[in-house]
$ cat work_36.cif   # mmCIF, C-alpha atoms and all ligand atoms
data_data
loop_
_atom_site.label_atom_id
_atom_site.label_comp_id
_atom_site.auth_asym_id
_atom_site.auth_seq_id
_atom_site.Cartn_x
_atom_site.Cartn_y
_atom_site.Cartn_z
CA MET O 1 131.29 -112.87 -24.54
CA THR O 2 129.88 -116.05 -23.03
CA SER O 3 131.13 -116.93 -19.57
CA PRO O 4 133.24 -120.11 -19.32
CA ALA O 5 131.43 -123.34 -18.42
CA LYS O 6 131.26 -124.07 -14.71
CA PRO O 7 133.34 -127.04 -13.59
CA ARG O 8 131.36 -130.23 -13.04
CA PRO O 9 129.77 -130.08 -9.58
CA ILE O 10 130.81 -132.46 -6.83
CA ILE O 11 128.67 -133.37 -3.83
CA GLY O 12 130.26 -135.01 -0.81
CA GLY O 13 128.47 -136.72 2.05
CA ASN O 14 130.61 -136.46 5.18
CA TRP O 15 129.10 -138.98 7.57
CA LYS O 16 131.52 -138.07 10.38
CA MET O 17 131.34 -140.48 13.37
CA ASN O 18 127.85 -141.74 12.54
CA THR O 19 126.14 -144.93 11.29
CA ASP O 20 126.90 -148.54 12.11
CA HIS O 21 127.59 -151.76 10.22
CA THR O 22 124.01 -152.14 8.98
CA SER O 23 122.95 -148.52 8.52
CA SER O 24 126.16 -147.52 6.71
CA LEU O 25 125.55 -150.20 4.10
CA ALA O 26 121.91 -149.21 3.65
CA LEU O 27 122.84 -145.54 3.33
CA ALA O 28 125.55 -146.25 0.76
CA GLN O 29 123.14 -148.38 -1.27
CA ALA O 30 120.55 -145.61 -1.19
CA VAL O 31 123.12 -143.06 -2.37
CA ALA O 32 124.24 -145.40 -5.17
CA LYS O 33 120.66 -145.77 -6.34
CA THR O 34 119.72 -142.09 -6.41
CA SER O 35 123.09 -140.97 -7.78
CA SER O 36 122.93 -143.31 -10.77
CA THR O 37 120.49 -140.94 -12.50
CA VAL O 38 122.87 -137.96 -12.31
CA ALA O 39 126.14 -139.74 -13.08
CA ASP O 40 126.73 -137.72 -16.27
CA LYS O 41 126.06 -134.35 -14.61
CA ALA O 42 127.63 -134.41 -11.15
CA ASP O 43 130.21 -136.32 -9.12
CA VAL O 44 129.05 -137.82 -5.85
CA ALA O 45 131.35 -138.92 -3.03
CA ILE O 46 130.62 -140.40 0.38
CA PHE O 47 132.94 -140.33 3.39
CA PRO O 48 131.90 -143.11 5.79
CA PRO O 49 133.75 -143.98 9.01
CA PHE O 50 136.87 -146.14 8.46
CA PRO O 51 135.46 -149.47 9.74
CA TYR O 52 132.75 -149.52 7.09
CA LEU O 53 134.83 -148.55 4.04
CA LEU O 54 135.52 -152.05 2.81
CA GLN O 55 131.95 -153.32 2.92
CA ILE O 56 130.74 -150.13 1.25
CA SER O 57 133.39 -150.39 -1.43
CA GLN O 58 132.20 -153.93 -2.19
CA ALA O 59 128.56 -152.81 -2.26
CA LEU O 60 129.27 -149.88 -4.61
CA CYS O 61 131.25 -152.20 -6.85
CA ALA O 62 128.48 -154.81 -6.88
CA ALA O 63 125.97 -152.10 -7.83
CA GLY O 64 128.26 -150.83 -10.63
CA SER O 65 128.04 -147.42 -8.96
CA LYS O 66 130.12 -144.38 -9.91
CA VAL O 67 129.82 -142.96 -6.38
CA MET O 68 133.35 -142.20 -5.20
CA LEU O 69 134.33 -143.74 -1.90
CA GLY O 70 136.09 -141.27 0.39
CA ALA O 71 137.86 -141.31 3.74
CA GLN O 72 137.58 -138.63 6.41
CA ASP O 73 141.32 -138.55 7.17
CA LEU O 74 144.65 -140.28 6.55
CA TYR O 75 148.12 -140.32 8.05
CA ILE O 76 151.35 -139.10 6.44
CA ALA O 77 153.55 -142.16 6.95
CA GLU O 78 153.53 -145.21 4.68
CA LYS O 79 153.49 -147.75 7.51
CA GLY O 80 155.02 -148.58 10.86
CA ALA O 81 154.65 -147.66 14.52
CA PHE O 82 151.83 -145.10 14.34
CA THR O 83 149.21 -146.57 16.65
CA GLY O 84 145.69 -145.76 15.57
CA GLU O 85 146.64 -144.18 12.23
CA ILE O 86 145.66 -145.23 8.70
CA SER O 87 147.85 -144.95 5.60
CA ALA O 88 146.96 -143.92 2.06
CA ALA O 89 147.80 -147.44 0.87
CA MET O 90 145.32 -148.96 3.37
CA LEU O 91 142.63 -146.59 2.17
CA LYS O 92 143.28 -147.47 -1.47
CA ASP O 93 143.22 -151.13 -0.54
CA CYS O 94 139.67 -150.52 0.73
CA GLY O 95 138.61 -148.87 -2.53
CA VAL O 96 138.98 -145.26 -1.38
CA ARG O 97 139.54 -142.67 -4.13
CA THR O 98 139.19 -139.36 -2.32
CA VAL O 99 140.04 -138.05 1.15
CA LEU O 100 139.19 -135.03 3.31
CA VAL O 101 142.01 -133.02 4.85
CA GLY O 102 141.81 -130.01 7.13
CA HIS O 103 138.19 -130.47 8.12
CA SER O 104 137.28 -127.91 10.77
CA GLU O 105 136.57 -130.63 13.34
CA ARG O 106 140.11 -131.92 12.88
CA ARG O 107 141.55 -128.39 12.98
CA HIS O 108 139.58 -127.30 16.05
CA ILE O 109 138.83 -130.47 18.07
CA ILE O 110 141.89 -132.60 17.23
CA HIS O 111 144.10 -129.47 16.87
CA GLU O 112 145.67 -130.33 13.53
CA GLY O 113 147.84 -127.49 12.23
CA ASP O 114 148.50 -126.27 8.70
CA ASP O 115 151.84 -128.12 8.40
CA LEU O 116 150.27 -131.50 9.18
CA ILE O 117 147.34 -130.72 6.89
CA ALA O 118 149.73 -129.84 4.04
CA ALA O 119 151.69 -133.04 4.64
CA LYS O 120 148.48 -135.08 4.56
CA LEU O 121 147.45 -133.40 1.33
CA ASP O 122 150.85 -134.14 -0.23
CA THR O 123 150.66 -137.75 0.95
CA ALA O 124 147.23 -138.24 -0.57
CA LEU O 125 148.21 -136.72 -3.92
CA ALA O 126 151.40 -138.77 -4.07
CA ALA O 127 149.27 -141.89 -3.54
CA GLY O 128 147.00 -140.93 -6.44
CA LEU O 129 144.02 -139.97 -4.30
CA GLN O 130 141.84 -136.95 -4.90
CA VAL O 131 141.99 -134.54 -1.94
CA VAL O 132 139.31 -132.25 -0.55
CA LEU O 133 141.04 -129.44 1.36
CA CYS O 134 138.58 -127.88 3.82
CA VAL O 135 139.02 -124.25 4.82
CA GLY O 136 136.90 -121.71 6.65
CA GLU O 137 136.81 -118.99 9.26
CA THR O 138 135.44 -119.07 12.82
CA LEU O 139 132.63 -116.76 13.92
CA HIS O 140 135.12 -114.58 15.76
CA GLN O 141 137.26 -114.26 12.63
CA ARG O 142 134.21 -113.50 10.51
CA GLU O 143 133.05 -110.77 12.87
CA ALA O 144 136.55 -109.27 12.75
CA GLY O 145 136.28 -109.09 8.93
CA GLU O 146 139.02 -111.70 8.47
CA THR O 147 137.18 -114.28 6.35
CA ASP O 148 139.22 -113.85 3.16
CA HIS O 149 142.49 -113.47 5.06
CA ILE O 150 141.94 -116.76 6.93
CA THR O 151 140.93 -118.77 3.87
CA GLU O 152 143.90 -117.31 1.97
CA LEU O 153 146.32 -118.42 4.70
CA GLN O 154 144.76 -121.89 4.91
CA ILE O 155 144.97 -122.32 1.14
CA GLU O 156 148.50 -120.97 0.78
CA ARG O 157 149.69 -123.24 3.58
CA GLY O 158 147.65 -126.26 2.54
CA LEU O 159 148.66 -126.12 -1.14
CA LYS O 160 152.24 -124.94 -0.63
CA HIS O 161 153.84 -128.04 -2.19
CA VAL O 162 151.22 -128.66 -4.87
CA LYS O 163 152.27 -128.37 -8.50
CA THR O 164 149.97 -126.89 -11.13
CA GLU O 165 149.53 -130.26 -12.84
CA GLN O 166 148.30 -131.76 -9.55
CA LEU O 167 145.58 -129.17 -9.02
CA SER O 168 143.01 -131.13 -11.02
CA HIS O 169 143.14 -133.73 -8.20
CA VAL O 170 142.33 -131.11 -5.57
CA VAL O 171 138.87 -129.91 -4.51
CA ILE O 172 138.47 -127.09 -2.01
CA ALA O 173 135.59 -127.07 0.44
CA TYR O 174 134.78 -123.65 1.88
CA GLU O 175 133.13 -124.41 5.21
CA PRO O 176 132.65 -121.49 7.57
CA VAL O 177 133.13 -123.01 11.03
CA TRP O 178 130.13 -121.14 12.46
CA ALA O 179 127.87 -122.78 9.85
CA ILE O 180 128.93 -126.39 10.41
CA GLY O 181 126.27 -128.40 12.22
CA THR O 182 124.61 -125.23 13.53
CA GLY O 183 121.70 -124.79 11.11
CA LYS O 184 123.18 -121.40 10.15
CA THR O 185 124.17 -121.16 6.49
CA ALA O 186 126.16 -118.50 4.67
CA SER O 187 123.87 -116.51 2.39
CA PRO O 188 124.32 -117.30 -1.30
CA ASP O 189 126.03 -113.89 -1.69
CA ASP O 190 128.42 -114.50 1.20
CA ALA O 191 129.28 -117.95 -0.15
CA GLN O 192 129.86 -116.49 -3.63
CA ASN O 193 132.15 -113.76 -2.25
CA ALA O 194 134.21 -116.24 -0.25
CA HIS O 195 134.46 -118.65 -3.19
CA ASN O 196 135.45 -115.86 -5.55
CA ALA O 197 138.22 -114.78 -3.15
CA ILE O 198 139.43 -118.39 -2.85
CA ARG O 199 139.57 -118.75 -6.64
CA ALA O 200 141.60 -115.53 -6.87
CA VAL O 201 144.11 -116.89 -4.33
CA VAL O 202 144.46 -120.10 -6.32
CA ALA O 203 144.87 -118.10 -9.56
CA SER O 204 147.70 -116.11 -7.98
CA MET O 205 149.41 -119.26 -6.67
CA PHE O 206 149.00 -121.25 -9.90
CA ASP O 207 147.36 -119.79 -13.01
CA LYS O 208 143.96 -118.52 -14.10
CA PRO O 209 142.83 -121.53 -16.19
CA SER O 210 143.68 -123.97 -13.38
CA ALA O 211 141.83 -121.77 -10.89
CA ALA O 212 138.82 -121.56 -13.22
CA ASN O 213 138.69 -125.36 -13.42
CA LEU O 214 139.09 -125.85 -9.66
CA ARG O 215 135.99 -127.15 -7.94
CA ILE O 216 135.08 -125.24 -4.79
CA GLN O 217 132.34 -126.80 -2.67
CA TYR O 218 130.33 -124.96 -0.05
CA GLY O 219 129.80 -126.70 3.28
CA GLY O 220 127.95 -125.76 6.45
CA SER O 221 124.33 -126.72 7.16
CA VAL O 222 123.53 -127.44 3.52
CA THR O 223 120.00 -128.86 3.28
CA ALA O 224 117.57 -129.96 0.61
CA ALA O 225 115.91 -126.53 1.01
CA ASN O 226 118.95 -124.27 0.61
CA ALA O 227 121.23 -126.30 -1.69
CA ALA O 228 119.93 -125.00 -5.02
CA SER O 229 120.27 -121.30 -4.19
CA ILE O 230 123.83 -121.71 -2.89
CA MET O 231 124.97 -123.94 -5.75
CA SER O 232 123.53 -121.59 -8.37
CA GLN O 233 126.25 -119.05 -7.50
CA PRO O 234 128.87 -118.77 -10.24
CA ASP O 235 131.83 -119.84 -8.09
CA VAL O 236 130.08 -122.59 -6.12
CA ASN O 237 130.70 -126.05 -7.59
CA GLY O 238 128.81 -128.36 -5.30
CA ALA O 239 128.53 -128.98 -1.59
CA LEU O 240 130.12 -130.88 1.28
CA VAL O 241 127.22 -132.08 3.37
CA GLY O 242 127.29 -133.36 6.95
CA GLY O 243 123.98 -133.79 8.76
CA ALA O 244 121.80 -133.93 5.66
CA SER O 245 124.01 -136.63 4.10
CA LEU O 246 122.72 -139.07 6.73
CA LYS O 247 119.16 -138.73 5.39
CA PRO O 248 118.91 -140.46 2.01
CA GLU O 249 116.02 -138.33 0.66
CA ASP O 250 117.66 -135.06 1.67
CA PHE O 251 121.02 -136.07 0.23
CA ALA O 252 119.31 -137.18 -2.99
CA ALA O 253 117.60 -133.78 -3.26
CA ILE O 254 120.96 -132.02 -2.85
CA VAL O 255 122.56 -134.27 -5.48
CA ASN O 256 119.68 -133.57 -7.86
CA ALA O 257 119.99 -129.83 -7.25
CA ALA O 258 123.68 -130.02 -8.18
CA ALA O 259 122.91 -131.94 -11.36
CA ALA O 260 120.24 -129.41 -12.34
CA ASN O 261 122.63 -126.52 -11.90
P1 LIG X 301 126.93 -129.96 8.26
O1 LIG X 301 128.48 -130.43 8.14
O2 LIG X 301 126.34 -130.09 6.88
O3 LIG X 301 126.31 -130.88 9.26
O4 LIG X 301 126.95 -128.54 8.72
C1 LIG X 301 129.25 -130.08 7.03
C2 LIG X 301 130.65 -130.61 7.19
O5 LIG X 301 131.17 -130.61 8.31
O6 LIG X 301 131.28 -131.05 6.21
#
$ encode --input "work_36.cif" --output "structure tokens" --more "lines below"
Ligand code: PGA
Amino acid sequence: MTSPAKPRPIIGGNWKMNTDHTSSLALAQAVAKTSSTVADKADVAIFPPFPYLLQISQALCAAGSKVMLGAQDLYIAEKGAFTGEISAAMLKDCGVRTVLVGHSERRHIIHEGDDLIAAKLDTALAAGLQVVLCVGETLHQREAGETDHITELQIERGLKHVKTEQLSHVVIAYEPVWAIGTGKTASPDDAQNAHNAIRAVVASMFDKPSAANLRIQYGGSVTAANAASIMSQPDVNGALVGGASLKPEDFAAIVNAAAAN
């Protein structure tokens, strides 16, 4: 029996609170250029800071690029008195097509809880945006052997209102907290085990075919050097990249590794 085809890989560049007016545009243009050669083999998304979304959207459009523009966060209300927040409609108005929710920096620095994360995910899906739900255990949880338990809870809570037919608009990013920005990466085997457990949770919540088609990215100190070995694992369908996404050559190498997979 041949194994089913892997879902199309997706690489995300999470720029976090980095770049400026000039460098964000240059970086987006570099990503558009290198990604054009892999457009039929892998999806590429970038998540710039909010202030630069519109100019990057215009640049991607002018270049005829298929790179998906993403936002790092959104708020759950449509509009009104929510000082400092940004709605799904505003993001779409700026050309955004995908959004991160539940990133570990928002869970652990901004203290977002699972209920707010689920509400953000629902808001994004209702607006027709693709959502990347980020999950992952802390070092303490990993050392206590709780990795699969934590990701299961985060997925069950994050996807609690999602219907099976909406799952094709969801991507999961498994990002062990201890690996983010630290230079420590999960081994390919550890990533595979965590991804396999995540897919089993999704299969039990929805159904097996939907779980098989779900794209699960690995994130946490992905580099040009380690991307290929992690993404070659059967349940790894791309990467969510922080630090290395700010370096055009490194990000291009990661995108090319995904396309070659
Ligand atoms: P990193 O960040 O690649 O710098 O570890 C990944 C992320 O936070 O998405």
$ residues_near_ligand --input "work_36.cif" --ligand "ligand LIG 301 (chain X)" --cutoff "10 Å" --atoms "all atoms listed in the file" --output "count of residues only"
40
$ residues_around --input "work_36.cif" --residues "segment 114-126 of chain O" --least-positions-apart "5" --cutoff "7 Å" --atoms "all atoms listed in the file" --output "VMD selection string"
chain O and resid 74 to 76 88 101 to 102 131 154 157 to 159
$ residues_around --input "work_36.cif" --residues "Leu167 of chain O" --least-positions-apart "4" --cutoff "10 Å" --atoms "only C-alpha atoms" --output "PDB file with C-alpha atoms, keeping the file's coordinate frame"
ATOM      1  CA  LEU O 125     148.210-136.720  -3.920  1.00  0.00           C
ATOM      2  CA  GLN O 130     141.840-136.950  -4.900  1.00  0.00           C
ATOM      3  CA  VAL O 131     141.990-134.540  -1.940  1.00  0.00           C
ATOM      4  CA  LEU O 159     148.660-126.120  -1.140  1.00  0.00           C
ATOM      5  CA  VAL O 162     151.220-128.660  -4.870  1.00  0.00           C
ATOM      6  CA  LYS O 163     152.270-128.370  -8.500  1.00  0.00           C
ATOM      7  CA  VAL O 171     138.870-129.910  -4.510  1.00  0.00           C
ATOM      8  CA  VAL O 202     144.460-120.100  -6.320  1.00  0.00           C
ATOM      9  CA  PHE O 206     149.000-121.250  -9.900  1.00  0.00           C
ATOM     10  CA  SER O 210     143.680-123.970 -13.380  1.00  0.00           C
ATOM     11  CA  ALA O 211     141.830-121.770 -10.890  1.00  0.00           C
ATOM     12  CA  ASN O 213     138.690-125.360 -13.420  1.00  0.00           C
ATOM     13  CA  LEU O 214     139.090-125.850  -9.660  1.00  0.00           C
ATOM     14  CA  ARG O 215     135.990-127.150  -7.940  1.00  0.00           C
TER      15      ARG O 215
END
$ atom_distance --input "work_36.cif" --atom1 "atom CA of Phe50 of chain O" --atom2 "atom CA of Ile216 of chain O"
24.8 Å
$ atom_distance --input "work_36.cif" --atom1 "atom CA of Val201 of chain O" --atom2 "atom CA of Ala258 of chain O"
24.6 Å
$ axis_aligned_box --input "work_36.cif" --around "segment 119-122 of chain O" --padding-each-side "4 Å" --output "lines of an AutoDock Vina configuration file"
center_x = 149.6
center_y = -134.1
center_z = 2.2
size_x = 12.2
size_y = 10.0
size_z = 12.9
$ closest_residue --input "work_36.cif" --among "O:Leu91, O:Ile172, O:Ile11, O:Ile230" --to "Pro49 of chain O" --atoms "all atoms listed in the file"
O:Leu91
$ atom_distance --input "work_36.cif" --atom1 "atom CA of Ile254 of chain O" --atom2 "atom CA of Ala227 of chain O"
5.8 Å
$ build_atoms --input "work_36.cif" --residues "segment 182-208 of chain O" --atoms "N, CA and C atoms" --output "mmCIF file, in the coordinates of the input"
data_model
loop_
_atom_site.group_PDB
_atom_site.id
_atom_site.type_symbol
_atom_site.label_atom_id
_atom_site.label_comp_id
_atom_site.auth_asym_id
_atom_site.auth_seq_id
_atom_site.Cartn_x
_atom_site.Cartn_y
_atom_site.Cartn_z
ATOM 1 N N THR O 182 125.310 -126.208 12.684
ATOM 2 C CA THR O 182 124.610 -125.230 13.530
ATOM 3 C C THR O 182 123.238 -124.862 12.983
ATOM 4 N N GLY O 183 122.960 -125.225 11.729
ATOM 5 C CA GLY O 183 121.700 -124.790 11.110
ATOM 6 C C GLY O 183 121.812 -123.395 10.534
ATOM 7 N N LYS O 184 122.976 -122.727 10.761
ATOM 8 C CA LYS O 184 123.180 -121.400 10.150
ATOM 9 C C LYS O 184 123.946 -121.607 8.846
ATOM 10 N N THR O 185 123.489 -120.999 7.781
ATOM 11 C CA THR O 185 124.170 -121.160 6.490
ATOM 12 C C THR O 185 124.635 -119.794 6.006
ATOM 13 N N ALA O 186 125.755 -119.759 5.321
ATOM 14 C CA ALA O 186 126.160 -118.500 4.670
ATOM 15 C C ALA O 186 125.091 -118.163 3.634
ATOM 16 N N SER O 187 124.826 -116.884 3.441
ATOM 17 C CA SER O 187 123.870 -116.510 2.390
ATOM 18 C C SER O 187 124.521 -116.842 1.048
ATOM 19 N N PRO O 188 123.722 -117.038 0.002
ATOM 20 C CA PRO O 188 124.320 -117.300 -1.300
ATOM 21 C C PRO O 188 125.349 -116.231 -1.688
ATOM 22 N N ASP O 189 125.080 -114.969 -1.372
ATOM 23 C CA ASP O 189 126.030 -113.890 -1.690
ATOM 24 C C ASP O 189 127.329 -114.036 -0.906
ATOM 25 N N ASP O 190 127.206 -114.336 0.389
ATOM 26 C CA ASP O 190 128.420 -114.500 1.200
ATOM 27 C C ASP O 190 129.244 -115.685 0.714
ATOM 28 N N ALA O 191 128.554 -116.778 0.359
ATOM 29 C CA ALA O 191 129.280 -117.950 -0.150
ATOM 30 C C ALA O 191 129.980 -117.577 -1.454
ATOM 31 N N GLN O 192 129.270 -116.889 -2.349
ATOM 32 C CA GLN O 192 129.860 -116.490 -3.630
ATOM 33 C C GLN O 192 131.104 -115.623 -3.401
ATOM 34 N N ASN O 193 131.002 -114.643 -2.494
ATOM 35 C CA ASN O 193 132.150 -113.760 -2.250
ATOM 36 C C ASN O 193 133.346 -114.539 -1.740
ATOM 37 N N ALA O 194 133.104 -115.455 -0.806
ATOM 38 C CA ALA O 194 134.210 -116.240 -0.250
ATOM 39 C C ALA O 194 134.821 -117.149 -1.329
ATOM 40 N N HIS O 195 133.961 -117.758 -2.136
ATOM 41 C CA HIS O 195 134.460 -118.650 -3.190
ATOM 42 C C HIS O 195 135.259 -117.878 -4.232
ATOM 43 N N ASN O 196 134.763 -116.689 -4.571
ATOM 44 C CA ASN O 196 135.450 -115.860 -5.550
ATOM 45 C C ASN O 196 136.844 -115.475 -5.040
ATOM 46 N N ALA O 197 136.931 -115.143 -3.743
ATOM 47 C CA ALA O 197 138.220 -114.780 -3.150
ATOM 48 C C ALA O 197 139.160 -115.986 -3.145
ATOM 49 N N ILE O 198 138.614 -117.161 -2.854
ATOM 50 C CA ILE O 198 139.430 -118.390 -2.850
ATOM 51 C C ILE O 198 139.970 -118.657 -4.263
ATOM 52 N N ARG O 199 139.112 -118.495 -5.259
ATOM 53 C CA ARG O 199 139.570 -118.750 -6.640
ATOM 54 C C ARG O 199 140.669 -117.762 -7.031
ATOM 55 N N ALA O 200 140.564 -116.525 -6.549
ATOM 56 C CA ALA O 200 141.600 -115.530 -6.870
ATOM 57 C C ALA O 200 142.931 -115.920 -6.212
ATOM 58 N N VAL O 201 142.868 -116.449 -5.000
ATOM 59 C CA VAL O 201 144.110 -116.890 -4.330
ATOM 60 C C VAL O 201 144.748 -118.026 -5.131
ATOM 61 N N VAL O 202 143.927 -118.958 -5.557
ATOM 62 C CA VAL O 202 144.460 -120.100 -6.320
ATOM 63 C C VAL O 202 145.022 -119.616 -7.665
ATOM 64 N N ALA O 203 144.359 -118.640 -8.283
ATOM 65 C CA ALA O 203 144.870 -118.100 -9.560
ATOM 66 C C ALA O 203 146.234 -117.451 -9.337
ATOM 67 N N SER O 204 146.400 -116.770 -8.208
ATOM 68 C CA SER O 204 147.700 -116.110 -7.980
ATOM 69 C C SER O 204 148.776 -117.134 -7.618
ATOM 70 N N MET O 205 148.409 -118.238 -7.006
ATOM 71 C CA MET O 205 149.410 -119.260 -6.670
ATOM 72 C C MET O 205 149.781 -120.125 -7.870
ATOM 73 N N PHE O 206 148.796 -120.347 -8.755
ATOM 74 C CA PHE O 206 149.000 -121.250 -9.900
ATOM 75 C C PHE O 206 148.793 -120.434 -11.174
ATOM 76 N N ASP O 207 147.668 -120.638 -11.850
ATOM 77 C CA ASP O 207 147.360 -119.790 -13.010
ATOM 78 C C ASP O 207 145.843 -119.712 -13.161
ATOM 79 N N LYS O 208 145.407 -118.783 -13.999
ATOM 80 C CA LYS O 208 143.960 -118.520 -14.100
ATOM 81 C C LYS O 208 143.166 -119.713 -14.633
#
